[in-house]
>>> print(open('target_2.pdb').read())   # PDB, C-alpha atoms
ATOM      1  CA  VAL U  23     115.403  82.942 -52.202  1.00  0.00           C
ATOM      2  CA  GLN U  24     118.977  82.179 -53.121  1.00  0.00           C
ATOM      3  CA  LEU U  25     121.626  81.075 -50.665  1.00  0.00           C
ATOM      4  CA  GLN U  26     125.196  82.315 -50.550  1.00  0.00           C
ATOM      5  CA  ALA U  27     127.626  80.491 -48.302  1.00  0.00           C
ATOM      6  CA  SER U  28     131.005  81.937 -47.440  1.00  0.00           C
ATOM      7  CA  GLY U  29     133.808  81.612 -44.923  1.00  0.00           C
ATOM      8  CA  GLY U  30     135.360  78.354 -45.967  1.00  0.00           C
ATOM      9  CA  GLY U  31     139.065  77.884 -46.307  1.00  0.00           C
ATOM     10  CA  LEU U  32     142.064  76.084 -44.911  1.00  0.00           C
ATOM     11  CA  ALA U  33     142.579  75.497 -41.211  1.00  0.00           C
ATOM     12  CA  GLN U  34     144.878  73.383 -39.123  1.00  0.00           C
ATOM     13  CA  ALA U  35     143.555  70.661 -36.879  1.00  0.00           C
ATOM     14  CA  GLY U  36     142.369  72.265 -33.669  1.00  0.00           C
ATOM     15  CA  GLY U  37     141.701  75.541 -35.416  1.00  0.00           C
ATOM     16  CA  SER U  38     138.494  77.415 -36.161  1.00  0.00           C
ATOM     17  CA  LEU U  39     136.498  78.714 -39.075  1.00  0.00           C
ATOM     18  CA  ARG U  40     133.169  80.503 -39.286  1.00  0.00           C
ATOM     19  CA  LEU U  41     130.797  79.921 -42.170  1.00  0.00           C
ATOM     20  CA  SER U  42     128.091  82.381 -43.112  1.00  0.00           C
ATOM     21  CA  CYS U  43     124.865  81.862 -45.025  1.00  0.00           C
ATOM     22  CA  ALA U  44     123.037  84.910 -46.290  1.00  0.00           C
ATOM     23  CA  PRO U  45     119.782  84.219 -48.135  1.00  0.00           C
ATOM     24  CA  SER U  46     119.045  86.796 -50.806  1.00  0.00           C
ATOM     25  CA  GLY U  47     115.404  87.173 -49.886  1.00  0.00           C
ATOM     26  CA  GLN U  48     113.437  87.580 -46.704  1.00  0.00           C
ATOM     27  CA  ILE U  49     113.722  84.807 -44.180  1.00  0.00           C
ATOM     28  CA  LEU U  50     110.286  83.895 -42.894  1.00  0.00           C
ATOM     29  CA  SER U  51     109.739  82.926 -39.298  1.00  0.00           C
ATOM     30  CA  ASN U  52     108.835  79.331 -40.111  1.00  0.00           C
ATOM     31  CA  TYR U  53     112.096  78.632 -41.960  1.00  0.00           C
ATOM     32  CA  HIS U  54     114.590  76.043 -40.814  1.00  0.00           C
ATOM     33  CA  ILE U  55     118.134  76.811 -41.952  1.00  0.00           C
ATOM     34  CA  GLY U  56     120.945  74.334 -41.806  1.00  0.00           C
ATOM     35  CA  TRP U  57     124.235  73.025 -43.076  1.00  0.00           C
ATOM     36  CA  PHE U  58     125.126  69.808 -44.840  1.00  0.00           C
ATOM     37  CA  ARG U  59     128.569  68.682 -45.911  1.00  0.00           C
ATOM     38  CA  GLN U  60     129.832  66.317 -48.553  1.00  0.00           C
ATOM     39  CA  VAL U  61     133.103  64.675 -49.433  1.00  0.00           C
ATOM     40  CA  PRO U  62     133.543  63.503 -53.044  1.00  0.00           C
ATOM     41  CA  GLY U  63     132.440  59.911 -53.372  1.00  0.00           C
ATOM     42  CA  LYS U  64     130.530  59.918 -50.103  1.00  0.00           C
ATOM     43  CA  ALA U  65     126.939  60.656 -49.185  1.00  0.00           C
ATOM     44  CA  ARG U  66     126.111  64.135 -47.972  1.00  0.00           C
ATOM     45  CA  GLU U  67     125.942  64.467 -44.223  1.00  0.00           C
ATOM     46  CA  PHE U  68     123.762  66.647 -42.046  1.00  0.00           C
ATOM     47  CA  VAL U  69     125.762  68.961 -39.797  1.00  0.00           C
ATOM     48  CA  ALA U  70     123.430  71.349 -37.975  1.00  0.00           C
ATOM     49  CA  ALA U  71     120.180  73.274 -38.286  1.00  0.00           C
ATOM     50  CA  ILE U  72     118.379  76.133 -36.565  1.00  0.00           C
ATOM     51  CA  THR U  73     114.806  77.398 -36.438  1.00  0.00           C
ATOM     52  CA  TRP U  74     114.608  81.020 -37.483  1.00  0.00           C
ATOM     53  CA  ARG U  75     111.743  81.827 -35.093  1.00  0.00           C
ATOM     54  CA  GLU U  76     113.033  80.442 -31.787  1.00  0.00           C
ATOM     55  CA  GLY U  77     116.666  79.745 -32.534  1.00  0.00           C
ATOM     56  CA  SER U  78     116.327  76.105 -31.536  1.00  0.00           C
ATOM     57  CA  THR U  79     119.267  74.033 -32.728  1.00  0.00           C
ATOM     58  CA  TYR U  80     120.063  70.478 -33.725  1.00  0.00           C
ATOM     59  CA  TYR U  81     123.462  68.921 -34.397  1.00  0.00           C
ATOM     60  CA  THR U  82     124.837  65.694 -35.671  1.00  0.00           C
ATOM     61  CA  ASP U  83     126.694  63.849 -32.935  1.00  0.00           C
ATOM     62  CA  SER U  84     130.127  64.228 -34.506  1.00  0.00           C
ATOM     63  CA  VAL U  85     130.094  68.033 -34.199  1.00  0.00           C
ATOM     64  CA  LYS U  86     128.328  68.493 -30.863  1.00  0.00           C
ATOM     65  CA  GLY U  87     130.413  70.580 -28.517  1.00  0.00           C
ATOM     66  CA  ARG U  88     132.620  71.811 -31.362  1.00  0.00           C
ATOM     67  CA  PHE U  89     130.267  73.543 -33.810  1.00  0.00           C
ATOM     68  CA  THR U  90     127.685  76.208 -33.025  1.00  0.00           C
ATOM     69  CA  ILE U  91     124.934  77.336 -35.380  1.00  0.00           C
ATOM     70  CA  SER U  92     123.394  80.734 -34.770  1.00  0.00           C
ATOM     71  CA  ARG U  93     121.330  83.394 -36.501  1.00  0.00           C
ATOM     72  CA  ASP U  94     121.453  87.163 -36.713  1.00  0.00           C
ATOM     73  CA  ALA U  95     118.084  88.575 -37.716  1.00  0.00           C
ATOM     74  CA  ALA U  96     119.449  92.084 -38.222  1.00  0.00           C
ATOM     75  CA  LYS U  97     121.923  90.779 -40.786  1.00  0.00           C
ATOM     76  CA  ASN U  98     119.618  88.119 -42.223  1.00  0.00           C
ATOM     77  CA  THR U  99     122.436  85.643 -41.771  1.00  0.00           C
ATOM     78  CA  VAL U 100     123.047  82.226 -40.275  1.00  0.00           C
ATOM     79  CA  TYR U 101     126.489  81.300 -38.980  1.00  0.00           C
ATOM     80  CA  LEU U 102     128.262  78.032 -38.334  1.00  0.00           C
ATOM     81  CA  GLN U 103     131.126  78.518 -35.899  1.00  0.00           C
ATOM     82  CA  MET U 104     133.454  75.558 -36.186  1.00  0.00           C
ATOM     83  CA  ASN U 105     135.997  75.055 -33.412  1.00  0.00           C
ATOM     84  CA  SER U 106     138.412  72.235 -32.625  1.00  0.00           C
ATOM     85  CA  LEU U 107     138.414  71.292 -36.274  1.00  0.00           C
ATOM     86  CA  LYS U 108     139.505  67.819 -37.283  1.00  0.00           C
ATOM     87  CA  PRO U 109     140.770  66.529 -40.639  1.00  0.00           C
ATOM     88  CA  GLU U 110     137.550  64.531 -40.950  1.00  0.00           C
ATOM     89  CA  ASP U 111     135.630  67.825 -41.047  1.00  0.00           C
ATOM     90  CA  THR U 112     137.102  68.446 -44.497  1.00  0.00           C
ATOM     91  CA  ALA U 113     134.213  68.744 -46.961  1.00  0.00           C
ATOM     92  CA  VAL U 114     132.150  71.110 -49.048  1.00  0.00           C
ATOM     93  CA  TYR U 115     129.642  72.743 -46.717  1.00  0.00           C
ATOM     94  CA  SER U 116     126.280  73.796 -48.142  1.00  0.00           C
ATOM     95  CA  CYS U 117     123.685  76.032 -46.606  1.00  0.00           C
ATOM     96  CA  VAL U 118     120.102  74.754 -46.874  1.00  0.00           C
ATOM     97  CA  VAL U 119     116.623  76.035 -46.118  1.00  0.00           C
ATOM     98  CA  ARG U 120     113.406  74.244 -45.319  1.00  0.00           C
ATOM     99  CA  GLN U 121     110.712  76.753 -46.224  1.00  0.00           C
ATOM    100  CA  ASN U 122     107.565  75.004 -45.088  1.00  0.00           C
ATOM    101  CA  SER U 123     108.470  73.514 -41.765  1.00  0.00           C
ATOM    102  CA  ARG U 124     104.857  73.575 -40.535  1.00  0.00           C
ATOM    103  CA  ASN U 125     106.268  73.700 -37.004  1.00  0.00           C
ATOM    104  CA  ALA U 126     107.852  70.285 -37.450  1.00  0.00           C
ATOM    105  CA  PRO U 127     110.997  69.532 -35.430  1.00  0.00           C
ATOM    106  CA  LEU U 128     114.406  70.155 -36.958  1.00  0.00           C
ATOM    107  CA  SER U 129     115.487  67.322 -39.200  1.00  0.00           C
ATOM    108  CA  ALA U 130     118.661  65.757 -40.545  1.00  0.00           C
ATOM    109  CA  THR U 131     116.843  64.524 -43.661  1.00  0.00           C
ATOM    110  CA  GLY U 132     118.178  66.282 -46.721  1.00  0.00           C
ATOM    111  CA  ALA U 133     115.044  65.707 -48.786  1.00  0.00           C
ATOM    112  CA  LEU U 134     113.070  67.980 -46.447  1.00  0.00           C
ATOM    113  CA  TYR U 135     115.222  70.985 -47.312  1.00  0.00           C
ATOM    114  CA  ASP U 136     114.036  72.596 -50.539  1.00  0.00           C
ATOM    115  CA  LEU U 137     116.704  75.251 -51.080  1.00  0.00           C
ATOM    116  CA  TRP U 138     120.400  74.431 -51.413  1.00  0.00           C
ATOM    117  CA  GLY U 139     123.297  76.825 -51.816  1.00  0.00           C
ATOM    118  CA  GLN U 140     126.487  76.342 -53.851  1.00  0.00           C
ATOM    119  CA  GLY U 141     128.694  75.331 -50.968  1.00  0.00           C
ATOM    120  CA  THR U 142     132.027  76.429 -49.594  1.00  0.00           C
ATOM    121  CA  GLN U 143     135.124  74.267 -49.233  1.00  0.00           C
ATOM    122  CA  VAL U 144     136.518  73.589 -45.777  1.00  0.00           C
ATOM    123  CA  THR U 145     139.899  71.868 -45.602  1.00  0.00           C
ATOM    124  CA  VAL U 146     141.463  70.866 -42.302  1.00  0.00           C
ATOM    125  CA  SER U 147     145.081  69.791 -42.313  1.00  0.00           C
ATOM    126  CA  SER U 148     146.569  67.485 -39.715  1.00  0.00           C
TER     127      SER U 148
END
>>> encode(input="target_2.pdb", output="structure tokens")
Amino acid sequence: VQLQASGGGLAQAGGSLRLSCAPSGQILSNYHIGWFRQVPGKAREFVAAITWREGSTYYTDSVKGRFTISRDAAKNTVYLQMNSLKPEDTAVYSCVVRQNSRNAPLSATGALYDLWGQGTQVTVSS
């Protein structure tokens, strides 16, 4: 499975962007799919994740109420709708997959995700 993220770009503060993640192969029901972001020189940060089977979601506190992660089984795609963007949201956003969740709860731990995509740049101007 390879991951292709798209939808990044430039937005003004208060604006919106929608990221898409389309794995090349079949998404199995036990997959967890999420997004991390990273700014050069800083540690990567968990943003959000979703279970493919139930659609349960988990967000980092800084994006709750502003970002929404969702899935579309027909399109084999996961989305990250980002509203009320702030300059501090500027980062490279990477789509990730945890293949063997074994029904564990969604996690913010990067080491648990075994597939990582290339990333897409999101820049928010003030």
>>> closest_residue(input="target_2.pdb", among="U:Ala130, U:Met104, U:Ile72, U:Leu39", to="Val85 of chain U", atoms="all atoms listed in the file")
U:Met104
>>> closest_residue(input="target_2.pdb", among="U:Leu107, U:Ile55, U:Leu102, U:Ala95", to="Leu134 of chain U", atoms="all atoms listed in the file")
U:Ile55
>>> closest_residue(input="target_2.pdb", among="U:Ala27, U:Val118, U:Ala71, U:Ala35", to="Ser147 of chain U", atoms="all atoms listed in the file")
U:Ala35
>>> atom_distance(input="target_2.pdb", atom1="atom CA of Pro109 of chain U", atom2="atom CA of Gly139 of chain U")
23.2 Å
>>> resolve_selection(input="target_2.pdb", expression="the PyMOL selection byres ((chain U and resi 92) around 8)", output="list in words")
Ile72, Gly77, Thr90, Ile91, Arg93, Asp94, Val100, Tyr101 and Leu102 of chain U
>>> atom_distance(input="target_2.pdb", atom1="atom CA of Asn52 of chain U", atom2="atom CA of Arg124 of chain U")
7.0 Å
>>> residues_near_point(input="target_2.pdb", point="(116.4, 64.4, -44.5)", cutoff="12 Å", atoms="all atoms listed in the file", output="PDB file with C-alpha atoms, in the frame of the given file")
ATOM      1  CA  GLY U  56     120.945  74.334 -41.806  1.00  0.00           C
ATOM      2  CA  TRP U  57     124.235  73.025 -43.076  1.00  0.00           C
ATOM      3  CA  PHE U  58     125.126  69.808 -44.840  1.00  0.00           C
ATOM      4  CA  ARG U  66     126.111  64.135 -47.972  1.00  0.00           C
ATOM      5  CA  GLU U  67     125.942  64.467 -44.223  1.00  0.00           C
ATOM      6  CA  PHE U  68     123.762  66.647 -42.046  1.00  0.00           C
ATOM      7  CA  VAL U  69     125.762  68.961 -39.797  1.00  0.00           C
ATOM      8  CA  ALA U  70     123.430  71.349 -37.975  1.00  0.00           C
ATOM      9  CA  ALA U  71     120.180  73.274 -38.286  1.00  0.00           C
ATOM     10  CA  VAL U 118     120.102  74.754 -46.874  1.00  0.00           C
ATOM     11  CA  VAL U 119     116.623  76.035 -46.118  1.00  0.00           C
ATOM     12  CA  ARG U 120     113.406  74.244 -45.319  1.00  0.00           C
ATOM     13  CA  PRO U 127     110.997  69.532 -35.430  1.00  0.00           C
ATOM     14  CA  LEU U 128     114.406  70.155 -36.958  1.00  0.00           C
ATOM     15  CA  SER U 129     115.487  67.322 -39.200  1.00  0.00           C
ATOM     16  CA  ALA U 130     118.661  65.757 -40.545  1.00  0.00           C
ATOM     17  CA  THR U 131     116.843  64.524 -43.661  1.00  0.00           C
ATOM     18  CA  GLY U 132     118.178  66.282 -46.721  1.00  0.00           C
ATOM     19  CA  ALA U 133     115.044  65.707 -48.786  1.00  0.00           C
ATOM     20  CA  LEU U 134     113.070  67.980 -46.447  1.00  0.00           C
ATOM     21  CA  TYR U 135     115.222  70.985 -47.312  1.00  0.00           C
ATOM     22  CA  ASP U 136     114.036  72.596 -50.539  1.00  0.00           C
TER      23      ASP U 136
END
>>> closest_residue(input="target_2.pdb", among="U:Ser51, U:Ser46, U:Ser28, U:Gln34", to="Val114 of chain U", atoms="all atoms listed in the file")
U:Ser28
>>> closest_residue(input="target_2.pdb", among="U:Arg40, U:Gln26, U:Gln103, U:His54", to="Thr79 of chain U", atoms="only C-alpha atoms")
U:His54
>>> atom_distance(input="target_2.pdb", atom1="atom CA of Gly36 of chain U", atom2="atom CA of Arg88 of chain U")
10.0 Å
>>> closest_residue(input="target_2.pdb", among="U:Gln140, U:Asn125, U:Ser116, U:Val61", to="Leu41 of chain U", atoms="all atoms listed in the file")
U:Ser116
>>> resolve_selection(input="target_2.pdb", expression="the PyMOL selection byres ((chain U and resi 24) around 6)", output="PyMOL selection string")
chain U and resi 23+25+45-46
